[in-house]
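Participant: Quick one: this structure, given as structure tokens, is what I'll be asking you about.
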Amino acid sequence: MQAETSLQVRVARKAVEAEDIVTLELVATDGRALPAFSAGSHIDLTLPGGITRQYSLCNDPQETQRYLIGVLREPASRGGSQAVHERVREGDVLSISAPKNHFPLAHEAKKSLLLAGGIGVTPILCMAERLAHGGADFEMHYASRSPARTAFRARIAAAGFADRVQFHFDDGAAAQKLDLPQLLAQPEAGTHLYVCGPRGFMDAVLATARAQGWPEDRLHYEFFGAELARSDADAGFEIKLASSGRIVRVPKDQTVTQALSAAGIEIMVSCEQGVCGTCLTRVLEGVPDHKDSYLTPEEQAANDQFTPCCSRAKTSQLLLDL
Ligand code: FES
């Protein structure tokens with residue numbers, strides 16, 4: 001396992017940003033500048049109770065004295081959003097990773113189309129700030145359930161790029177709703193699409209874009225709070241290690257990383273939800289059952305790598321490059 005540097009930060013401010021959404025402003029405990037980040041970056045935040053979760057940075061990447069994250073209280077939370085809402089207080093010291101970016105802007109883009117669903121606005125807003133500073137051509141669409149549940153409305157309204165943002169509310173008039181087939185009708189050369197939000201929103205945007213002929217290399221996405229697709233059909237299988245020939249059984253109720261760890265073989269993980277790609281491992285033989293949202297459909301179809309934190313096997317054995 002590679003050691004990751006962790007940073008100690010203090011919660012300088014916790015604020016209610018919208019219904020069920022709070023923001024945390026994090027500053028270095030020693031008062032120094034924080035590591036620089038690019039738009040689309042996230043941090044791993046270790047919460048009271050020891051759970052680690054990923055949160056996108058949603059402040060302007062030019063700021064060096066603070067990181068801002070927005071957190072939605074999710075009823076089906078595995079503990080992360082609940083801990084932020086209920087246990088984290090101003091003044092608390094928390095441990096975070098340095099920013100990592102799995103959702104960067106493509107700097108060759110002639111135009112960027114930014115689509116945010118709900119709390120998925122966090123990295124998208126950071127992108128809008130960055131593009132606006134650079135004088136780039138972009139347009140942002142922000143879909144949410146209602147104005148009361150829309151984070152950063154006041155900040156967007158006051159921003160210099162407010163005229164490039166359109167809000168779409170589920171509870172609003174039909175005319176203002178997000179019309180994906182119309183918005184994505186003609187993929188113009190040089191336009192890149194960025195989308196972040198809950199699973200249903202992402203699936204709808206990406207399916208519409210692909211159906212309208214958007215090339216895969218111009219689609220950029222990050223699943224927010226990915227839910228792992230589990231089914232009763234998930235059966236046990238074997239992992240064979242290429243280096244030693246050793247075989248490790250993965251039972252039905254364990255992930256590959258858990259089974260390997262129990263056998264003394266550690267794979268570095270971060271999100272454990274198939275989102276970040278930290279655990280990506282080469283597959284030399286056998287067919288993985290991909291359950292991640294990190295690899296593109298083409299990468300998944302190649303079946304030569306998988307995310308052992310959540311993906312499984314379609315064959316009785318996988319030979320891994322370990
Ligand atoms: S640990 Fe994040 S994808 Fe596996």
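Chain lettering (A, B, ...) mirrors the order of the structure tokens, residue numbering begins at 1 for each chain separately, and ligand numbering begins at 1 in order of display.
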How would you write, as a count of residues only, the set of residues no farther than 9 Å from ligand 1 when counting only C-alpha atoms and all ligand atoms?
Facilitator: 24
Participant: Which residues come within 9 Å of range 16-19 of chain A, counting only C-alpha atoms, excluding same-chain residues fewer than 4 positions away, as number ranges by chain?
Facilitator: A: 23, 70, 72, 147-153
Participant: Nearest to Gly120 in chain A among A:Phe161, A:Phe237, A:Phe223, A:Phe37, with distances taken over only C-alpha atoms: which residue is it?
Facilitator: A:Phe223
Participant: Give me the residues within 8 Å of Ser112 in chain A as a ChimeraX atom specification, counting only C-alpha atoms and dropping any in the same chain fewer than 5 places off.
Facilitator: /A:137-139,191-194
Participant: Go ahead and save the residues from that selection, with N, CA and C atoms, as a PDB file, in the first residue's frame.
Facilitator:
ATOM      1  N   ASP A 137     -15.621  29.988 -23.146  1.00  0.00           N
ATOM      2  CA  ASP A 137     -17.026  29.914 -23.529  1.00  0.00           C
ATOM      3  C   ASP A 137     -17.668  28.727 -22.807  1.00  0.00           C
ATOM      4  N   PHE A 138     -18.695  28.975 -22.028  1.00  0.00           N
ATOM      5  CA  PHE A 138     -19.401  27.867 -21.377  1.00  0.00           C
ATOM      6  C   PHE A 138     -20.834  28.240 -21.065  1.00  0.00           C
ATOM      7  N   GLU A 139     -21.593  27.178 -20.761  1.00  0.00           N
ATOM      8  CA  GLU A 139     -22.987  27.346 -20.389  1.00  0.00           C
ATOM      9  C   GLU A 139     -23.260  26.297 -19.320  1.00  0.00           C
ATOM     10  N   THR A 191     -17.134  21.045 -28.529  1.00  0.00           N
ATOM     11  CA  THR A 191     -17.881  21.236 -27.279  1.00  0.00           C
ATOM     12  C   THR A 191     -17.731  19.996 -26.411  1.00  0.00           C
ATOM     13  N   HIS A 192     -17.362  20.225 -25.148  1.00  0.00           N
ATOM     14  CA  HIS A 192     -17.236  19.127 -24.194  1.00  0.00           C
ATOM     15  C   HIS A 192     -18.359  19.225 -23.173  1.00  0.00           C
ATOM     16  N   LEU A 193     -18.858  18.060 -22.790  1.00  0.00           N
ATOM     17  CA  LEU A 193     -19.970  17.986 -21.837  1.00  0.00           C
ATOM     18  C   LEU A 193     -19.458  17.454 -20.501  1.00  0.00           C
ATOM     19  N   TYR A 194     -19.834  18.115 -19.432  1.00  0.00           N
ATOM     20  CA  TYR A 194     -19.449  17.704 -18.067  1.00  0.00           C
ATOM     21  C   TYR A 194     -20.723  17.513 -17.279  1.00  0.00           C
TER      22      TYR A 194
END
Participant: So that I can check the surroundings of Ala242 in chain A, please list as JSON, numbers by chain every protein, DNA and RNA residue that reaches within 12 Å of it, counting only C-alpha atoms and ignoring chain neighbours fewer than 4 positions away.
Facilitator: {"A": [246, 247, 248, 281, 282, 283, 284, 285, 318, 319, 320, 321, 322]}
Participant: Could you save the residues just selected, with N, CA and C atoms, as a short mmCIF file (atom, residue, chain, number, x, y, z; two decimals), in the first residue's frame?
Facilitator:
data_model
loop_
_atom_site.label_atom_id
_atom_site.label_comp_id
_atom_site.auth_asym_id
_atom_site.auth_seq_id
_atom_site.Cartn_x
_atom_site.Cartn_y
_atom_site.Cartn_z
N ARG A 246 -1.13 -18.06 -6.17
CA ARG A 246 -2.00 -18.28 -5.01
C ARG A 246 -3.46 -18.00 -5.36
N ILE A 247 -4.33 -18.78 -4.77
CA ILE A 247 -5.77 -18.61 -5.04
C ILE A 247 -6.47 -18.15 -3.78
N VAL A 248 -7.29 -17.09 -3.92
CA VAL A 248 -8.05 -16.57 -2.78
C VAL A 248 -9.53 -16.66 -3.15
N THR A 281 -7.13 -2.45 -10.99
CA THR A 281 -6.20 -3.58 -11.05
C THR A 281 -6.33 -4.26 -12.41
N ARG A 282 -5.18 -4.70 -12.95
CA ARG A 282 -5.21 -5.35 -14.27
C ARG A 282 -5.74 -6.77 -14.16
N VAL A 283 -6.57 -7.13 -15.12
CA VAL A 283 -7.13 -8.49 -15.18
C VAL A 283 -6.46 -9.20 -16.36
N LEU A 284 -5.82 -10.33 -16.09
CA LEU A 284 -5.08 -11.03 -17.15
C LEU A 284 -5.91 -12.15 -17.77
N GLU A 285 -6.79 -12.73 -16.99
CA GLU A 285 -7.68 -13.79 -17.51
C GLU A 285 -8.99 -13.75 -16.75
N LEU A 318 -10.75 -15.11 -11.70
CA LEU A 318 -10.06 -13.99 -12.36
C LEU A 318 -8.58 -14.11 -12.04
N LEU A 319 -7.76 -13.99 -13.06
CA LEU A 319 -6.30 -13.96 -12.84
C LEU A 319 -5.91 -12.47 -12.81
N LEU A 320 -5.40 -12.03 -11.68
CA LEU A 320 -5.07 -10.61 -11.53
C LEU A 320 -3.56 -10.38 -11.56
N ASP A 321 -3.19 -9.23 -12.05
CA ASP A 321 -1.77 -8.84 -12.15
C ASP A 321 -1.29 -8.35 -10.78
N LEU A 322 -1.28 -9.25 -9.84
CA LEU A 322 -0.87 -8.89 -8.46
C LEU A 322 0.22 -9.86 -8.02
#
Participant: Please report, as a ChimeraX atom specification, each residue of range 96-310 of chain A to which DSSP assigns strand (DSSP E) when run on this structure's backbone.
Facilitator: /A:96-97,111-117,137-144,165-169,191-197,219-223,237-241,247-250,281-285,288-289,305-306
Participant: With a distance cut-off of 9 Å and only C-alpha atoms, select the neighbouring residues of Tyr67 in chain A, excluding the residue or stretch itself and same-chain residues fewer than 5 positions from it, and output the selection as a CSV table (one decimal) with all heavy atoms, in the first residue's frame.
Facilitator:
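Printed below is out_4.csv as written:
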chain,number,residue,atom,x,y,z
A,24,LEU,N,-19.0,23.1,4.5
A,24,LEU,CA,-17.9,23.1,5.5
A,24,LEU,C,-16.8,23.9,4.8
A,24,LEU,O,-16.4,23.6,3.7
A,24,LEU,CB,-17.4,21.8,5.9
A,24,LEU,CG,-18.3,20.8,6.6
A,24,LEU,CD1,-17.5,19.5,6.9
A,24,LEU,CD2,-19.0,21.3,7.8
A,25,GLU,N,-16.3,24.9,5.6
A,25,GLU,CA,-15.1,25.7,5.1
A,25,GLU,C,-13.9,25.1,5.9
A,25,GLU,O,-14.0,25.2,7.1
A,25,GLU,CB,-15.3,27.1,5.3
A,25,GLU,CG,-14.2,28.0,4.8
A,25,GLU,CD,-14.4,29.5,5.0
A,25,GLU,OE1,-15.6,29.9,4.8
A,25,GLU,OE2,-13.5,30.1,5.3
A,26,LEU,N,-13.0,24.6,5.2
A,26,LEU,CA,-11.8,24.0,5.9
A,26,LEU,C,-10.6,24.8,5.7
A,26,LEU,O,-10.3,25.2,4.5
A,26,LEU,CB,-11.6,22.6,5.3
A,26,LEU,CG,-12.9,21.7,5.3
A,26,LEU,CD1,-12.6,20.4,4.5
A,26,LEU,CD2,-13.3,21.3,6.7
A,27,VAL,N,-9.8,25.0,6.8
A,27,VAL,CA,-8.6,25.8,6.6
A,27,VAL,C,-7.5,25.0,7.3
A,27,VAL,O,-7.7,24.2,8.2
A,27,VAL,CB,-8.7,27.2,7.3
A,27,VAL,CG1,-9.8,28.1,6.6
A,27,VAL,CG2,-9.0,27.1,8.8
A,34,LEU,N,-3.2,26.1,1.6
A,34,LEU,CA,-3.5,24.7,1.3
A,34,LEU,C,-2.9,24.3,0.0
A,34,LEU,O,-2.7,25.2,-0.9
A,34,LEU,CB,-5.0,24.5,1.4
A,34,LEU,CG,-5.6,24.6,2.8
A,34,LEU,CD1,-7.1,24.9,2.7
A,34,LEU,CD2,-5.4,23.3,3.6
A,57,LEU,N,-14.5,19.8,-4.2
A,57,LEU,CA,-14.2,21.2,-3.8
A,57,LEU,C,-15.1,22.1,-4.6
A,57,LEU,O,-15.1,22.0,-5.8
A,57,LEU,CB,-12.7,21.5,-3.9
A,57,LEU,CG,-11.8,20.6,-3.0
A,57,LEU,CD1,-10.4,21.0,-3.3
A,57,LEU,CD2,-12.1,20.7,-1.6
A,58,CYS,N,-15.8,23.0,-3.9
A,58,CYS,CA,-16.7,23.8,-4.7
A,58,CYS,C,-16.4,25.3,-4.6
A,58,CYS,O,-17.2,26.2,-5.0
A,58,CYS,CB,-18.1,23.6,-4.3
A,58,CYS,SG,-18.5,23.8,-2.6
A,59,ASN,N,-15.2,25.6,-4.1
A,59,ASN,CA,-14.8,27.1,-4.1
A,59,ASN,C,-14.0,27.4,-5.3
A,59,ASN,O,-13.7,26.5,-6.1
A,59,ASN,CB,-14.1,27.5,-2.8
A,59,ASN,CG,-12.9,26.6,-2.4
A,59,ASN,OD1,-13.0,25.4,-2.4
A,59,ASN,ND2,-11.8,27.2,-2.1
A,60,ASP,N,-13.7,28.6,-5.5
A,60,ASP,CA,-12.9,29.1,-6.6
A,60,ASP,C,-11.5,28.5,-6.5
A,60,ASP,O,-10.8,28.7,-5.5
A,60,ASP,CB,-12.9,30.6,-6.6
A,60,ASP,CG,-12.2,31.2,-7.8
A,60,ASP,OD1,-11.3,30.5,-8.4
A,60,ASP,OD2,-12.4,32.4,-8.1
A,61,PRO,N,-11.0,27.8,-7.5
A,61,PRO,CA,-9.6,27.2,-7.4
A,61,PRO,C,-8.5,28.2,-7.3
A,61,PRO,O,-7.4,27.8,-6.9
A,61,PRO,CB,-9.5,26.4,-8.8
A,61,PRO,CG,-10.8,26.5,-9.4
A,61,PRO,CD,-11.6,27.5,-8.8
Participant: Considering only C-alpha atoms, return as a list in words whatever protein or nucleic-acid residues lie within 6 Å of Pro288 in chain A, sequence-local ones (same chain, fewer than 4 positions apart) excluded.
Facilitator: Arg312, Ala313 and Lys314 of chain A
Participant: Next, the residues of the selection above should be written as an mmCIF file, in the first residue's frame with N, CA, C and O atoms.
Facilitator:
data_model
loop_
_atom_site.group_PDB
_atom_site.id
_atom_site.type_symbol
_atom_site.label_atom_id
_atom_site.label_comp_id
_atom_site.auth_asym_id
_atom_site.auth_seq_id
_atom_site.Cartn_x
_atom_site.Cartn_y
_atom_site.Cartn_z
ATOM 1 N N ARG A 312 -17.088 -7.566 -9.486
ATOM 2 C CA ARG A 312 -16.972 -8.986 -9.170
ATOM 3 C C ARG A 312 -16.536 -9.751 -10.421
ATOM 4 O O ARG A 312 -15.809 -9.199 -11.241
ATOM 5 N N ALA A 313 -16.979 -11.000 -10.541
ATOM 6 C CA ALA A 313 -16.526 -11.800 -11.692
ATOM 7 C C ALA A 313 -17.706 -12.483 -12.354
ATOM 8 O O ALA A 313 -18.632 -12.922 -11.671
ATOM 9 N N LYS A 314 -17.640 -12.565 -13.680
ATOM 10 C CA LYS A 314 -18.661 -13.328 -14.412
ATOM 11 C C LYS A 314 -18.174 -14.748 -14.634
ATOM 12 O O LYS A 314 -18.944 -15.619 -14.997
#
Participant: Neighbours of Arg53 in chain A within 7 Å (only C-alpha atoms; same-chain residues fewer than 5 positions away dropped), as a list in words?
Facilitator: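 The neighbour list is Asp44, Leu45, Thr46, Gly80 and Cys271 of chain A.
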Participant: Rounded to one decimal in Å, what is the spacing between CA of Leu183 in chain A and CA of His220 in chain A?
Facilitator: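 Result for CA of Leu183 in chain A versus CA of His220 in chain A: 16.2 Å, one decimal.
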Participant: I need the residues of range 104-307 of chain A that end up classed as helix (DSSP H, G or I) by DSSP on the backbone, written out as an NGL selection string.
Facilitator: :A and (118-133 or 147-149 or 153-158 or 162-164 or 174-176 or 180-183 or 199-211 or 216-218 or 256-262 or 297-302)
Participant: Per residue of range 76-137 of chain A within 12 Å of range 164-178 of chain A, which atom pair is closest and at what distance in Å (one decimal), using only C-alpha atoms, listed by chain and increasing number, as JSON lines?
Facilitator:
{"residue": "A:Ser112", "atom": "CA", "partner": "A:Arg164", "partner_atom": "CA", "distance": 11.2}
{"residue": "A:Leu113", "atom": "CA", "partner": "A:Arg164", "partner_atom": "CA", "distance": 10.2}
{"residue": "A:Leu114", "atom": "CA", "partner": "A:Val165", "partner_atom": "CA", "distance": 9.1}
{"residue": "A:Leu115", "atom": "CA", "partner": "A:Gln166", "partner_atom": "CA", "distance": 9.8}
{"residue": "A:Ala116", "atom": "CA", "partner": "A:Phe167", "partner_atom": "CA", "distance": 9.6}
{"residue": "A:Gly117", "atom": "CA", "partner": "A:His168", "partner_atom": "CA", "distance": 9.4}
{"residue": "A:Gly118", "atom": "CA", "partner": "A:Phe169", "partner_atom": "CA", "distance": 9.9}
{"residue": "A:Val121", "atom": "CA", "partner": "A:Phe167", "partner_atom": "CA", "distance": 11.2}
{"residue": "A:Ile124", "atom": "CA", "partner": "A:Val165", "partner_atom": "CA", "distance": 11.1}
{"residue": "A:Leu125", "atom": "CA", "partner": "A:Val165", "partner_atom": "CA", "distance": 10.0}
{"residue": "A:Ala128", "atom": "CA", "partner": "A:Val165", "partner_atom": "CA", "distance": 9.1}
{"residue": "A:Glu129", "atom": "CA", "partner": "A:Arg164", "partner_atom": "CA", "distance": 11.4}
{"residue": "A:Leu131", "atom": "CA", "partner": "A:Arg164", "partner_atom": "CA", "distance": 11.2}
{"residue": "A:Ala132", "atom": "CA", "partner": "A:Arg164", "partner_atom": "CA", "distance": 9.7}
{"residue": "A:Ala136", "atom": "CA", "partner": "A:Arg164", "partner_atom": "CA", "distance": 11.5}
{"residue": "A:Asp137", "atom": "CA", "partner": "A:Arg164", "partner_atom": "CA", "distance": 9.4}
Participant: In Å, with one decimal, what is the gap from CA of Met140 in chain A to CA of Leu105 in chain A?
Facilitator: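 One can read the CA of Met140 in chain A to CA of Leu105 in chain A distance as 13.9 Å.
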Participant: Calculate how many Å separate CA of Gln186 in chain A from CA of Arg130 in chain A, rounding to one decimal.
Facilitator: 25.1 Å
